[in-house]
Amino acid sequence: MKNFNIKAVLFLNYFVFAILLNSVGTVILQMQQNFGISKSSASVLEGFKDLPIAICSFILASFLPKIGIKNSMLIALFLVSCMCFVMPFANDFWFFKLLFTIVGISFALIKISVFTSIGLVTNTDKEHSSFMGYLEGFFMIGVLMGNVLFSLFIDDHNPKSTHWLNVYWVLGGLSVLSFLFLFFSKLNENEAKSEKTDLLGDLKNSISLFSYKKVLFFLLCAFLFVLVEQSFQTWTPTFYKEILKVPTSMSIQAGAVLAGAFALGRFLSGFFSKRFSWIYVVSFCVVGFAISILLVLPLTHNTLINTNTTWFNAPLVVYLFPLMGGLLAPIYPSINSVILASIPKYLHSAMAGLIVVFSAIGGTIGSIITGFVFQEFSGQQAFYLSLIPLSLLIVSAVIMNKLKINPKK
């Protein structure tokens with residue numbers, strides 16, 4: 001298979017960062033138990049992760065190809081490897097702020113590099129869309145495995161135990177392994193470089209993207225989607241612990257089930273994107289997810305779960321809630337692939353940077369709003385709020401589908 005080695009490396013890099021990025025929900029839950037941090041205070045970890053992603057993406061996107069796509073990924077893996085080996089010794093909240101800051105900076109480098117690389121290792125729009133779907137699906141496999149991995153280190157009988165920090169030895173080892181695989185792989189980066197070699201030309205390329213209405217509506221779609229997605233991913237463990245009253249390890253495993261549903265949905269998006277127009281896929285998923293919220297959330301009220309509850313004897317709602325992620329999952333890779341396939345390859349780095357920026361801002365705002373509403377009102381009301389951005393998302397997607405891009409030469 002052509003480009004098999006570098007494609008495998010892209011999957012591995014995404015896998016590693018899927019675990020690190022989406023551990024924030026588990027860490028938020030553990031911060032409440034280990035250090036007595038409130039929900040609203042713990043929710044700022046999402047900002048420490050997402051704001052560095054946004055800032056670094058904005059700064060680096062336009063001229064990252066000159067740093068080198070491969071070099072950028074190597075730098076990112078080196079930084080997170082070092083931080084992971086520090087975390088087993090963490091004994092205060094600020095360690096976790098620093099961790100997610102480093103993870104955010106590194107992910108900005110990784111995601112822009114990966115999104116830019118997809119155009120280099122695929123040949124057609126449909127192949128691009130399919131690979132994007134499979135890649136995002138594998139990302140969710142990483143989220144699933146990360147939740148399972150963290151749950152194995154949780155001590156349900158001692159909420160104050162910090163034994164779970166030893167999971168970072170494993171994550172550090174995975175990061176080093178990914179670094180080595182990438183170091184010995186080859187990637188032809190020529191097509192990702194613009195004919196203009198000066199920084200001013202690169203910045204003009206990035207700014208020029210805002211002149212296209214389709215890009216503007218896409219960025220709105222990306223913002224709204226991640227606002228909803230991160231709200232669910234980040235607060236599902238806490239929702240299970242405090243609303244459904246299941247054990248801590250099971251709460252974290254619920255995040256794994258949610259990630260599994262996301263993975264399945266994104267793998268299926270890779271399949272369906274070859275057979276149906278993206279707008280049909282996105283519309284079906286948004287409407288289906290909204291309906292599932294209205295049907296499933298009422299079931300979470302007054303649920304009786306005892307301390308001996310396991311996955312083998314839990315009420316139906318315990319399974320239904322995370323499975324909703326399967327409907328939400330195909331949206332992100334679908335809209336990302338459409339916009340990237342619409343522009344020249346030398347603009348993919350700049351476009352990927354904008355994707356990461358608006359996604360990061362959406363994730364931060366979504367998590368903070370959900371954390372505040374969760375604390376002041378209830379977990380159910382926090383998730384009902386997602387119906388508002390979902391409505392705006394489908395309207396924006398329909399408008400985006402009607403717009404065309406005719407790149408300026």
# chains A, B, ... in the order shown; residues from 1 in each chain; ligands from 1
>>> residues_around(residues="Lys126 (chain A)", least_positions_apart="3", cutoff="10 Å", atoms="only C-alpha atoms", output="compact mmCIF listing (two decimals) with C-alpha atoms, in the first residue's frame")
# COMPACT_ATOMS: atom_id res chain seq x y z
CA THR A 122 -4.18 10.76 -0.52
CA ASN A 123 -5.02 11.37 -4.19
CA SER A 129 -12.69 12.13 3.19
CA SER A 130 -12.46 8.40 3.86
CA PHE A 131 -8.97 8.61 5.38
CA MET A 132 -10.07 11.55 7.53
CA GLY A 270 -15.29 6.82 6.47
CA SER A 273 -18.63 9.37 2.96
CA LYS A 274 -17.84 7.31 -0.15
CA ARG A 275 -21.55 6.70 -0.82
CA SER A 337 -12.63 16.90 4.85
CA VAL A 338 -15.04 19.00 2.78
CA ALA A 341 -10.61 19.16 -0.19
>>> residues_around(residues="Ile19 (chain A)", least_positions_apart="5", cutoff="7 Å", atoms="only C-alpha atoms", output="MDAnalysis selection string")
chainID A and resid 142:143 146
>>> closest_atom_pairs(of="region 166-280 of chain A", to="region 373-377 of chain A", cutoff="10 Å", atoms="only C-alpha atoms", output="CSV")
residue,atom,partner,partner_atom,distance
A:Trp235,CA,A:Phe374,CA,8.9
A:Thr238,CA,A:Phe374,CA,9.5
A:Phe239,CA,A:Phe374,CA,8.7
>>> select_by_dssp(residues="region 180-344 of chain A", states="alpha helix (DSSP H)", output="mmCIF file with N, CA and C atoms, in the first residue's frame")
data_model
loop_
_atom_site.group_PDB
_atom_site.id
_atom_site.type_symbol
_atom_site.label_atom_id
_atom_site.label_comp_id
_atom_site.auth_asym_id
_atom_site.auth_seq_id
_atom_site.Cartn_x
_atom_site.Cartn_y
_atom_site.Cartn_z
ATOM 1 N N LEU A 180 10.019 7.520 18.079
ATOM 2 C CA LEU A 180 10.987 6.681 17.367
ATOM 3 C C LEU A 180 10.445 6.214 16.016
ATOM 4 N N PHE A 181 9.174 5.814 15.983
ATOM 5 C CA PHE A 181 8.570 5.392 14.713
ATOM 6 C C PHE A 181 8.592 6.527 13.703
ATOM 7 N N LEU A 182 8.229 7.729 14.159
ATOM 8 C CA LEU A 182 8.190 8.881 13.265
ATOM 9 C C LEU A 182 9.592 9.248 12.787
ATOM 10 N N PHE A 183 10.559 9.175 13.690
ATOM 11 C CA PHE A 183 11.946 9.566 13.372
ATOM 12 C C PHE A 183 12.487 8.757 12.194
ATOM 13 N N LEU A 199 7.678 34.954 5.147
ATOM 14 C CA LEU A 199 6.642 34.877 6.173
ATOM 15 C C LEU A 199 5.437 35.721 5.813
ATOM 16 N N LEU A 200 5.665 36.893 5.209
ATOM 17 C CA LEU A 200 4.557 37.771 4.833
ATOM 18 C C LEU A 200 3.623 37.083 3.843
ATOM 19 N N GLY A 201 4.204 36.374 2.879
ATOM 20 C CA GLY A 201 3.397 35.642 1.906
ATOM 21 C C GLY A 201 2.575 34.558 2.565
ATOM 22 N N ASP A 202 3.165 33.868 3.534
ATOM 23 C CA ASP A 202 2.444 32.815 4.250
ATOM 24 C C ASP A 202 1.272 33.389 5.039
ATOM 25 N N LEU A 203 1.500 34.525 5.700
ATOM 26 C CA LEU A 203 0.442 35.153 6.483
ATOM 27 C C LEU A 203 -0.703 35.627 5.583
ATOM 28 N N LYS A 204 -0.355 36.139 4.395
ATOM 29 C CA LYS A 204 -1.378 36.561 3.443
ATOM 30 C C LYS A 204 -2.228 35.376 2.999
ATOM 31 N N ASN A 205 -1.573 34.219 2.811
ATOM 32 C CA ASN A 205 -2.321 33.014 2.441
ATOM 33 C C ASN A 205 -3.343 32.654 3.510
ATOM 34 N N SER A 206 -2.919 32.752 4.775
ATOM 35 C CA SER A 206 -3.818 32.420 5.881
ATOM 36 C C SER A 206 -4.990 33.393 5.946
ATOM 37 N N ILE A 207 -4.672 34.690 5.854
ATOM 38 C CA ILE A 207 -5.713 35.718 5.950
ATOM 39 C C ILE A 207 -6.682 35.619 4.777
ATOM 40 N N SER A 208 -6.168 35.201 3.618
ATOM 41 C CA SER A 208 -7.028 35.121 2.429
ATOM 42 C C SER A 208 -8.168 34.122 2.604
ATOM 43 N N LYS A 213 -16.783 32.852 2.061
ATOM 44 C CA LYS A 213 -17.920 32.642 2.948
ATOM 45 C C LYS A 213 -18.026 31.187 3.400
ATOM 46 N N LYS A 214 -17.656 30.259 2.501
ATOM 47 C CA LYS A 214 -17.731 28.848 2.853
ATOM 48 C C LYS A 214 -16.807 28.530 4.020
ATOM 49 N N VAL A 215 -15.627 29.150 4.031
ATOM 50 C CA VAL A 215 -14.682 28.958 5.131
ATOM 51 C C VAL A 215 -15.261 29.509 6.432
ATOM 52 N N LEU A 216 -15.890 30.672 6.363
ATOM 53 C CA LEU A 216 -16.456 31.287 7.565
ATOM 54 C C LEU A 216 -17.553 30.417 8.172
ATOM 55 N N PHE A 217 -18.431 29.895 7.328
ATOM 56 C CA PHE A 217 -19.502 29.033 7.847
ATOM 57 C C PHE A 217 -18.942 27.692 8.329
ATOM 58 N N PHE A 218 -17.880 27.231 7.677
ATOM 59 C CA PHE A 218 -17.236 26.005 8.165
ATOM 60 C C PHE A 218 -16.671 26.221 9.565
ATOM 61 N N LEU A 219 -15.982 27.342 9.772
ATOM 62 C CA LEU A 219 -15.392 27.618 11.087
ATOM 63 C C LEU A 219 -16.470 27.715 12.166
ATOM 64 N N LEU A 220 -17.609 28.256 11.804
ATOM 65 C CA LEU A 220 -18.733 28.301 12.748
ATOM 66 C C LEU A 220 -19.203 26.883 13.072
ATOM 67 N N CYS A 221 -19.280 26.031 12.035
ATOM 68 C CA CYS A 221 -19.670 24.627 12.250
ATOM 69 C C CYS A 221 -18.688 23.922 13.178
ATOM 70 N N ALA A 222 -17.392 24.114 12.928
ATOM 71 C CA ALA A 222 -16.362 23.461 13.744
ATOM 72 C C ALA A 222 -16.461 23.923 15.193
ATOM 73 N N PHE A 223 -16.633 25.235 15.388
ATOM 74 C CA PHE A 223 -16.765 25.804 16.729
ATOM 75 C C PHE A 223 -17.951 25.194 17.472
ATOM 76 N N LEU A 224 -19.110 25.166 16.805
ATOM 77 C CA LEU A 224 -20.331 24.670 17.446
ATOM 78 C C LEU A 224 -20.241 23.173 17.734
ATOM 79 N N PHE A 225 -19.665 22.417 16.797
ATOM 80 C CA PHE A 225 -19.563 20.975 17.018
ATOM 81 C C PHE A 225 -18.700 20.657 18.226
ATOM 82 N N VAL A 226 -17.506 21.249 18.293
ATOM 83 C CA VAL A 226 -16.590 20.925 19.384
ATOM 84 C C VAL A 226 -17.133 21.429 20.710
ATOM 85 N N LEU A 227 -17.887 22.535 20.685
ATOM 86 C CA LEU A 227 -18.537 23.018 21.903
ATOM 87 C C LEU A 227 -19.420 21.925 22.501
ATOM 88 N N VAL A 228 -20.178 21.251 21.640
ATOM 89 C CA VAL A 228 -21.061 20.170 22.099
ATOM 90 C C VAL A 228 -20.246 18.923 22.459
ATOM 91 N N GLU A 229 -19.338 18.538 21.577
ATOM 92 C CA GLU A 229 -18.567 17.310 21.770
ATOM 93 C C GLU A 229 -17.775 17.331 23.081
ATOM 94 N N GLN A 230 -17.041 18.418 23.310
ATOM 95 C CA GLN A 230 -16.204 18.490 24.514
ATOM 96 C C GLN A 230 -17.042 18.560 25.782
ATOM 97 N N SER A 231 -18.214 19.168 25.703
ATOM 98 C CA SER A 231 -19.095 19.200 26.868
ATOM 99 C C SER A 231 -19.421 17.779 27.328
ATOM 100 N N PHE A 232 -19.750 16.924 26.361
ATOM 101 C CA PHE A 232 -20.100 15.542 26.693
ATOM 102 C C PHE A 232 -18.868 14.734 27.103
ATOM 103 N N GLN A 233 -17.793 14.850 26.346
ATOM 104 C CA GLN A 233 -16.606 14.052 26.634
ATOM 105 C C GLN A 233 -15.989 14.414 27.983
ATOM 106 N N THR A 234 -15.923 15.702 28.282
ATOM 107 C CA THR A 234 -15.262 16.148 29.507
ATOM 108 C C THR A 234 -16.085 15.834 30.755
ATOM 109 N N TRP A 235 -17.412 15.983 30.662
ATOM 110 C CA TRP A 235 -18.233 15.892 31.871
ATOM 111 C C TRP A 235 -18.976 14.575 32.037
ATOM 112 N N THR A 236 -18.809 13.642 31.116
ATOM 113 C CA THR A 236 -19.455 12.335 31.276
ATOM 114 C C THR A 236 -19.001 11.598 32.539
ATOM 115 N N PRO A 237 -17.677 11.531 32.854
ATOM 116 C CA PRO A 237 -17.279 10.851 34.100
ATOM 117 C C PRO A 237 -17.925 11.449 35.347
ATOM 118 N N THR A 238 -17.954 12.782 35.428
ATOM 119 C CA THR A 238 -18.562 13.444 36.584
ATOM 120 C C THR A 238 -20.071 13.211 36.612
ATOM 121 N N PHE A 239 -20.711 13.226 35.449
ATOM 122 C CA PHE A 239 -22.143 12.963 35.356
ATOM 123 C C PHE A 239 -22.467 11.569 35.892
ATOM 124 N N TYR A 240 -21.671 10.595 35.513
ATOM 125 C CA TYR A 240 -21.903 9.224 35.973
ATOM 126 C C TYR A 240 -21.659 9.090 37.473
ATOM 127 N N LYS A 241 -20.653 9.787 37.969
ATOM 128 C CA LYS A 241 -20.315 9.691 39.392
ATOM 129 C C LYS A 241 -21.365 10.375 40.262
ATOM 130 N N GLU A 242 -21.811 11.580 39.881
ATOM 131 C CA GLU A 242 -22.662 12.373 40.752
ATOM 132 C C GLU A 242 -24.161 12.265 40.447
ATOM 133 N N THR A 248 -16.319 5.240 40.915
ATOM 134 C CA THR A 248 -15.434 6.125 40.157
ATOM 135 C C THR A 248 -14.844 5.446 38.930
ATOM 136 N N SER A 249 -14.335 4.225 39.105
ATOM 137 C CA SER A 249 -13.716 3.531 37.975
ATOM 138 C C SER A 249 -14.733 3.302 36.856
ATOM 139 N N MET A 250 -15.968 3.008 37.239
ATOM 140 C CA MET A 250 -17.023 2.787 36.249
ATOM 141 C C MET A 250 -17.391 4.107 35.559
ATOM 142 N N SER A 251 -17.307 5.204 36.288
ATOM 143 C CA SER A 251 -17.577 6.520 35.704
ATOM 144 C C SER A 251 -16.570 6.832 34.605
ATOM 145 N N ILE A 252 -15.313 6.506 34.870
ATOM 146 C CA ILE A 252 -14.263 6.740 33.880
ATOM 147 C C ILE A 252 -14.417 5.787 32.692
ATOM 148 N N GLN A 253 -14.818 4.550 32.983
ATOM 149 C CA GLN A 253 -15.059 3.581 31.910
ATOM 150 C C GLN A 253 -16.222 4.013 31.030
ATOM 151 N N ALA A 254 -17.173 4.767 31.607
ATOM 152 C CA ALA A 254 -18.283 5.291 30.805
ATOM 153 C C ALA A 254 -17.749 6.219 29.719
ATOM 154 N N GLY A 255 -16.676 6.946 30.063
ATOM 155 C CA GLY A 255 -16.015 7.774 29.060
ATOM 156 C C GLY A 255 -15.434 6.917 27.948
ATOM 157 N N ALA A 256 -14.982 5.713 28.308
ATOM 158 C CA ALA A 256 -14.446 4.786 27.308
ATOM 159 C C ALA A 256 -15.560 4.286 26.389
ATOM 160 N N VAL A 257 -16.735 4.016 26.975
ATOM 161 C CA VAL A 257 -17.875 3.572 26.156
ATOM 162 C C VAL A 257 -18.293 4.694 25.199
ATOM 163 N N LEU A 258 -18.308 5.929 25.710
ATOM 164 C CA LEU A 258 -18.622 7.080 24.863
ATOM 165 C C LEU A 258 -17.619 7.184 23.718
ATOM 166 N N ALA A 259 -16.341 7.003 24.049
ATOM 167 C CA ALA A 259 -15.295 7.059 23.025
ATOM 168 C C ALA A 259 -15.449 5.927 22.020
ATOM 169 N N GLY A 260 -15.853 4.741 22.500
ATOM 170 C CA GLY A 260 -16.078 3.620 21.600
ATOM 171 C C GLY A 260 -17.199 3.916 20.616
ATOM 172 N N ALA A 261 -18.258 4.563 21.114
ATOM 173 C CA ALA A 261 -19.370 4.950 20.241
ATOM 174 C C ALA A 261 -18.906 5.982 19.213
ATOM 175 N N PHE A 262 -18.062 6.912 19.658
ATOM 176 C CA PHE A 262 -17.496 7.899 18.742
ATOM 177 C C PHE A 262 -16.643 7.216 17.676
ATOM 178 N N ALA A 263 -15.814 6.272 18.111
ATOM 179 C CA ALA A 263 -14.936 5.574 17.173
ATOM 180 C C ALA A 263 -15.747 4.848 16.109
ATOM 181 N N LEU A 264 -16.787 4.129 16.535
ATOM 182 C CA LEU A 264 -17.634 3.410 15.594
ATOM 183 C C LEU A 264 -18.293 4.382 14.609
ATOM 184 N N GLY A 265 -18.794 5.503 15.150
ATOM 185 C CA GLY A 265 -19.427 6.498 14.301
ATOM 186 C C GLY A 265 -18.474 7.078 13.277
ATOM 187 N N ARG A 266 -17.232 7.290 13.681
ATOM 188 C CA ARG A 266 -16.270 7.886 12.750
ATOM 189 C C ARG A 266 -15.750 6.883 11.734
ATOM 190 N N PHE A 267 -15.609 5.634 12.134
ATOM 191 C CA PHE A 267 -15.254 4.615 11.155
ATOM 192 C C PHE A 267 -16.372 4.476 10.118
ATOM 193 N N LEU A 268 -17.610 4.531 10.585
ATOM 194 C CA LEU A 268 -18.743 4.448 9.669
ATOM 195 C C LEU A 268 -18.800 5.673 8.754
ATOM 196 N N SER A 269 -18.348 6.824 9.257
ATOM 197 C CA SER A 269 -18.335 8.018 8.411
ATOM 198 C C SER A 269 -17.354 7.838 7.263
ATOM 199 N N GLY A 270 -16.242 7.124 7.537
ATOM 200 C CA GLY A 270 -15.295 6.824 6.470
ATOM 201 C C GLY A 270 -15.928 5.956 5.400
ATOM 202 N N PHE A 271 -16.859 5.101 5.805
ATOM 203 C CA PHE A 271 -17.571 4.221 4.877
ATOM 204 C C PHE A 271 -18.658 4.977 4.123
ATOM 205 N N PHE A 272 -19.496 5.712 4.860
ATOM 206 C CA PHE A 272 -20.627 6.391 4.241
ATOM 207 C C PHE A 272 -20.224 7.598 3.396
ATOM 208 N N TRP A 278 -21.911 14.610 1.985
ATOM 209 C CA TRP A 278 -21.582 14.908 3.376
ATOM 210 C C TRP A 278 -22.740 15.602 4.107
ATOM 211 N N ILE A 279 -23.506 16.430 3.396
ATOM 212 C CA ILE A 279 -24.564 17.183 4.060
ATOM 213 C C ILE A 279 -25.677 16.262 4.553
ATOM 214 N N TYR A 280 -25.919 15.155 3.837
ATOM 215 C CA TYR A 280 -26.924 14.196 4.290
ATOM 216 C C TYR A 280 -26.449 13.484 5.552
ATOM 217 N N VAL A 281 -25.164 13.146 5.576
ATOM 218 C CA VAL A 281 -24.588 12.469 6.741
ATOM 219 C C VAL A 281 -24.651 13.377 7.966
ATOM 220 N N VAL A 282 -24.229 14.633 7.796
ATOM 221 C CA VAL A 282 -24.202 15.584 8.908
ATOM 222 C C VAL A 282 -25.612 15.880 9.409
ATOM 223 N N SER A 283 -26.557 16.098 8.501
ATOM 224 C CA SER A 283 -27.934 16.410 8.892
ATOM 225 C C SER A 283 -28.569 15.262 9.669
ATOM 226 N N PHE A 284 -28.378 14.045 9.182
ATOM 227 C CA PHE A 284 -28.914 12.866 9.864
ATOM 228 C C PHE A 284 -28.347 12.762 11.282
ATOM 229 N N CYS A 285 -27.034 13.001 11.415
ATOM 230 C CA CYS A 285 -26.376 12.858 12.717
ATOM 231 C C CYS A 285 -26.828 13.929 13.712
ATOM 232 N N VAL A 286 -26.940 15.175 13.261
ATOM 233 C CA VAL A 286 -27.352 16.263 14.158
ATOM 234 C C VAL A 286 -28.772 16.033 14.659
ATOM 235 N N VAL A 287 -29.679 15.721 13.746
ATOM 236 C CA VAL A 287 -31.071 15.498 14.129
ATOM 237 C C VAL A 287 -31.201 14.269 15.028
ATOM 238 N N GLY A 288 -30.480 13.191 14.663
ATOM 239 C CA GLY A 288 -30.529 11.973 15.467
ATOM 240 C C GLY A 288 -29.992 12.180 16.870
ATOM 241 N N PHE A 289 -28.914 12.956 17.004
ATOM 242 C CA PHE A 289 -28.330 13.216 18.320
ATOM 243 C C PHE A 289 -29.261 14.064 19.172
ATOM 244 N N ALA A 290 -29.875 15.066 18.556
ATOM 245 C CA ALA A 290 -30.817 15.932 19.292
ATOM 246 C C ALA A 290 -31.995 15.115 19.821
ATOM 247 N N ILE A 291 -32.520 14.229 18.987
ATOM 248 C CA ILE A 291 -33.640 13.372 19.409
ATOM 249 C C ILE A 291 -33.216 12.452 20.547
ATOM 250 N N SER A 292 -31.993 11.911 20.458
ATOM 251 C CA SER A 292 -31.516 10.999 21.504
ATOM 252 C C SER A 292 -31.356 11.705 22.847
ATOM 253 N N ILE A 293 -30.971 12.987 22.812
ATOM 254 C CA ILE A 293 -30.871 13.765 24.054
ATOM 255 C C ILE A 293 -32.246 13.859 24.718
ATOM 256 N N LEU A 294 -33.242 14.186 23.913
ATOM 257 C CA LEU A 294 -34.604 14.350 24.433
ATOM 258 C C LEU A 294 -35.187 13.042 24.959
ATOM 259 N N LEU A 295 -34.740 11.920 24.420
ATOM 260 C CA LEU A 295 -35.267 10.628 24.842
ATOM 261 C C LEU A 295 -34.500 10.026 26.019
ATOM 262 N N VAL A 296 -33.176 10.224 26.053
ATOM 263 C CA VAL A 296 -32.332 9.544 27.043
ATOM 264 C C VAL A 296 -32.187 10.315 28.354
ATOM 265 N N LEU A 316 -30.577 0.324 32.152
ATOM 266 C CA LEU A 316 -30.431 0.552 30.714
ATOM 267 C C LEU A 316 -29.824 1.906 30.395
ATOM 268 N N VAL A 317 -30.200 2.948 31.149
ATOM 269 C CA VAL A 317 -29.725 4.296 30.842
ATOM 270 C C VAL A 317 -28.214 4.410 30.954
ATOM 271 N N VAL A 318 -27.604 3.589 31.791
ATOM 272 C CA VAL A 318 -26.146 3.607 31.945
ATOM 273 C C VAL A 318 -25.459 3.271 30.629
ATOM 274 N N TYR A 319 -26.107 2.430 29.821
ATOM 275 C CA TYR A 319 -25.553 2.062 28.520
ATOM 276 C C TYR A 319 -25.963 3.044 27.425
ATOM 277 N N LEU A 320 -27.190 3.532 27.509
ATOM 278 C CA LEU A 320 -27.721 4.379 26.450
ATOM 279 C C LEU A 320 -27.016 5.729 26.360
ATOM 280 N N PHE A 321 -26.703 6.330 27.506
ATOM 281 C CA PHE A 321 -26.152 7.687 27.513
ATOM 282 C C PHE A 321 -24.880 7.818 26.667
ATOM 283 N N PRO A 322 -23.856 6.979 26.883
ATOM 284 C CA PRO A 322 -22.639 7.151 26.071
ATOM 285 C C PRO A 322 -22.805 6.726 24.616
ATOM 286 N N LEU A 323 -23.776 5.844 24.344
ATOM 287 C CA LEU A 323 -23.964 5.375 22.964
ATOM 288 C C LEU A 323 -24.443 6.492 22.037
ATOM 289 N N GLY A 325 -22.999 9.084 21.510
ATOM 290 C CA GLY A 325 -21.825 9.611 20.821
ATOM 291 C C GLY A 325 -21.661 9.085 19.410
ATOM 292 N N GLY A 326 -22.222 7.900 19.151
ATOM 293 C CA GLY A 326 -22.125 7.337 17.812
ATOM 294 C C GLY A 326 -22.785 8.201 16.754
ATOM 295 N N LEU A 327 -23.830 8.935 17.142
ATOM 296 C CA LEU A 327 -24.512 9.826 16.212
ATOM 297 C C LEU A 327 -23.754 11.138 16.022
ATOM 298 N N LEU A 328 -23.096 11.594 17.075
ATOM 299 C CA LEU A 328 -22.377 12.862 17.007
ATOM 300 C C LEU A 328 -21.067 12.737 16.219
ATOM 301 N N ILE A 331 -19.782 13.905 12.304
ATOM 302 C CA ILE A 331 -19.913 15.297 11.876
ATOM 303 C C ILE A 331 -18.554 15.964 11.642
ATOM 304 N N TYR A 332 -17.655 15.836 12.599
ATOM 305 C CA TYR A 332 -16.374 16.558 12.547
ATOM 306 C C TYR A 332 -15.509 16.153 11.357
ATOM 307 N N PRO A 333 -15.235 14.855 11.160
ATOM 308 C CA PRO A 333 -14.413 14.504 9.993
ATOM 309 C C PRO A 333 -15.076 14.867 8.676
ATOM 310 N N SER A 334 -16.398 14.820 8.625
ATOM 311 C CA SER A 334 -17.109 15.148 7.387
ATOM 312 C C SER A 334 -16.902 16.603 6.993
ATOM 313 N N ILE A 335 -17.111 17.515 7.928
ATOM 314 C CA ILE A 335 -16.981 18.938 7.589
ATOM 315 C C ILE A 335 -15.516 19.323 7.376
ATOM 316 N N ASN A 336 -14.589 18.719 8.124
ATOM 317 C CA ASN A 336 -13.168 19.014 7.944
ATOM 318 C C ASN A 336 -12.693 18.596 6.566
ATOM 319 N N SER A 337 -13.074 17.402 6.146
ATOM 320 C CA SER A 337 -12.632 16.895 4.851
ATOM 321 C C SER A 337 -13.172 17.748 3.711
ATOM 322 N N VAL A 338 -14.429 18.177 3.832
ATOM 323 C CA VAL A 338 -15.042 18.995 2.780
ATOM 324 C C VAL A 338 -14.260 20.279 2.560
ATOM 325 N N ILE A 339 -13.913 20.961 3.645
ATOM 326 C CA ILE A 339 -13.233 22.253 3.487
ATOM 327 C C ILE A 339 -11.794 22.068 3.023
ATOM 328 N N LEU A 340 -11.093 21.051 3.519
ATOM 329 C CA LEU A 340 -9.704 20.826 3.108
ATOM 330 C C LEU A 340 -9.634 20.405 1.645
ATOM 331 N N ALA A 341 -10.599 19.597 1.215
ATOM 332 C CA ALA A 341 -10.611 19.157 -0.188
ATOM 333 C C ALA A 341 -10.991 20.298 -1.134
#
>>> residues_around(residues="region 8-15 of chain A", least_positions_apart="5", cutoff="8 Å", atoms="only C-alpha atoms", output="compact mmCIF listing (two decimals) with N, CA, C and O atoms, in the first residue's frame")
# COMPACT_ATOMS: atom_id res chain seq x y z
N ILE A 110 0.89 18.77 16.32
CA ILE A 110 0.52 17.47 15.77
C ILE A 110 -0.67 17.58 14.82
O ILE A 110 -0.65 17.06 13.70
N LYS A 111 -1.72 18.26 15.24
CA LYS A 111 -2.96 18.27 14.44
C LYS A 111 -2.77 19.01 13.13
O LYS A 111 -3.24 18.55 12.07
N VAL A 114 -0.71 16.69 10.97
CA VAL A 114 -1.47 15.53 10.51
C VAL A 114 -2.47 15.94 9.42
O VAL A 114 -2.56 15.30 8.37
N LEU A 135 -9.14 8.13 10.35
CA LEU A 135 -8.17 8.71 11.28
C LEU A 135 -8.86 9.24 12.53
O LEU A 135 -8.41 8.99 13.66
N PHE A 138 -9.92 6.39 14.65
CA PHE A 138 -8.82 5.83 15.44
C PHE A 138 -8.48 6.74 16.61
O PHE A 138 -8.06 6.27 17.67
N PHE A 139 -8.67 8.04 16.42
CA PHE A 139 -8.49 8.99 17.52
C PHE A 139 -9.41 8.62 18.68
O PHE A 139 -9.00 8.62 19.85
N MET A 140 -10.66 8.26 18.34
CA MET A 140 -11.60 7.90 19.39
C MET A 140 -11.27 6.54 20.01
O MET A 140 -11.58 6.30 21.18
N ILE A 141 -10.62 5.66 19.25
CA ILE A 141 -10.11 4.42 19.85
C ILE A 141 -9.09 4.76 20.92
O ILE A 141 -9.05 4.15 21.99
N GLY A 142 -8.27 5.77 20.63
CA GLY A 142 -7.30 6.24 21.63
C GLY A 142 -7.98 6.77 22.87
O GLY A 142 -7.55 6.51 24.00
N VAL A 143 -9.07 7.53 22.68
CA VAL A 143 -9.84 8.04 23.82
C VAL A 143 -10.39 6.89 24.64
O VAL A 143 -10.34 6.89 25.87
N SER A 178 6.21 6.44 19.81
CA SER A 178 5.70 7.17 18.66
C SER A 178 6.80 8.06 18.06
O SER A 178 6.92 8.18 16.83
N PHE A 181 9.17 5.81 15.98
CA PHE A 181 8.57 5.39 14.71
C PHE A 181 8.59 6.53 13.70
O PHE A 181 8.90 6.34 12.53
N LEU A 182 8.23 7.73 14.16
CA LEU A 182 8.19 8.88 13.26
C LEU A 182 9.59 9.25 12.79
O LEU A 182 9.80 9.58 11.62
N SER A 185 10.65 7.32 9.81
CA SER A 185 9.73 7.31 8.66
C SER A 185 10.06 8.48 7.72
O SER A 185 10.61 9.48 8.13
>>> atom_distance(atom1="CA of Leu177 (chain A)", atom2="CA of Val121 (chain A)")
22.3 Å
>>> closest_residue(among="A:Ser391, A:Asn308, A:Asn401, A:Ser342", to="Asp156 (chain A)", atoms="only C-alpha atoms")
A:Asn308
>>> atom_distance(atom1="CA of Leu74 (chain A)", atom2="CA of Phe179 (chain A)")
6.0 Å
>>> closest_residue(among="A:Leu392, A:Ala90, A:Ile53, A:Leu152", to="Gly104 (chain A)", atoms="only C-alpha atoms")
A:Ile53
>>> atom_distance(atom1="CA of Ile154 (chain A)", atom2="CA of Pro315 (chain A)")
22.8 Å
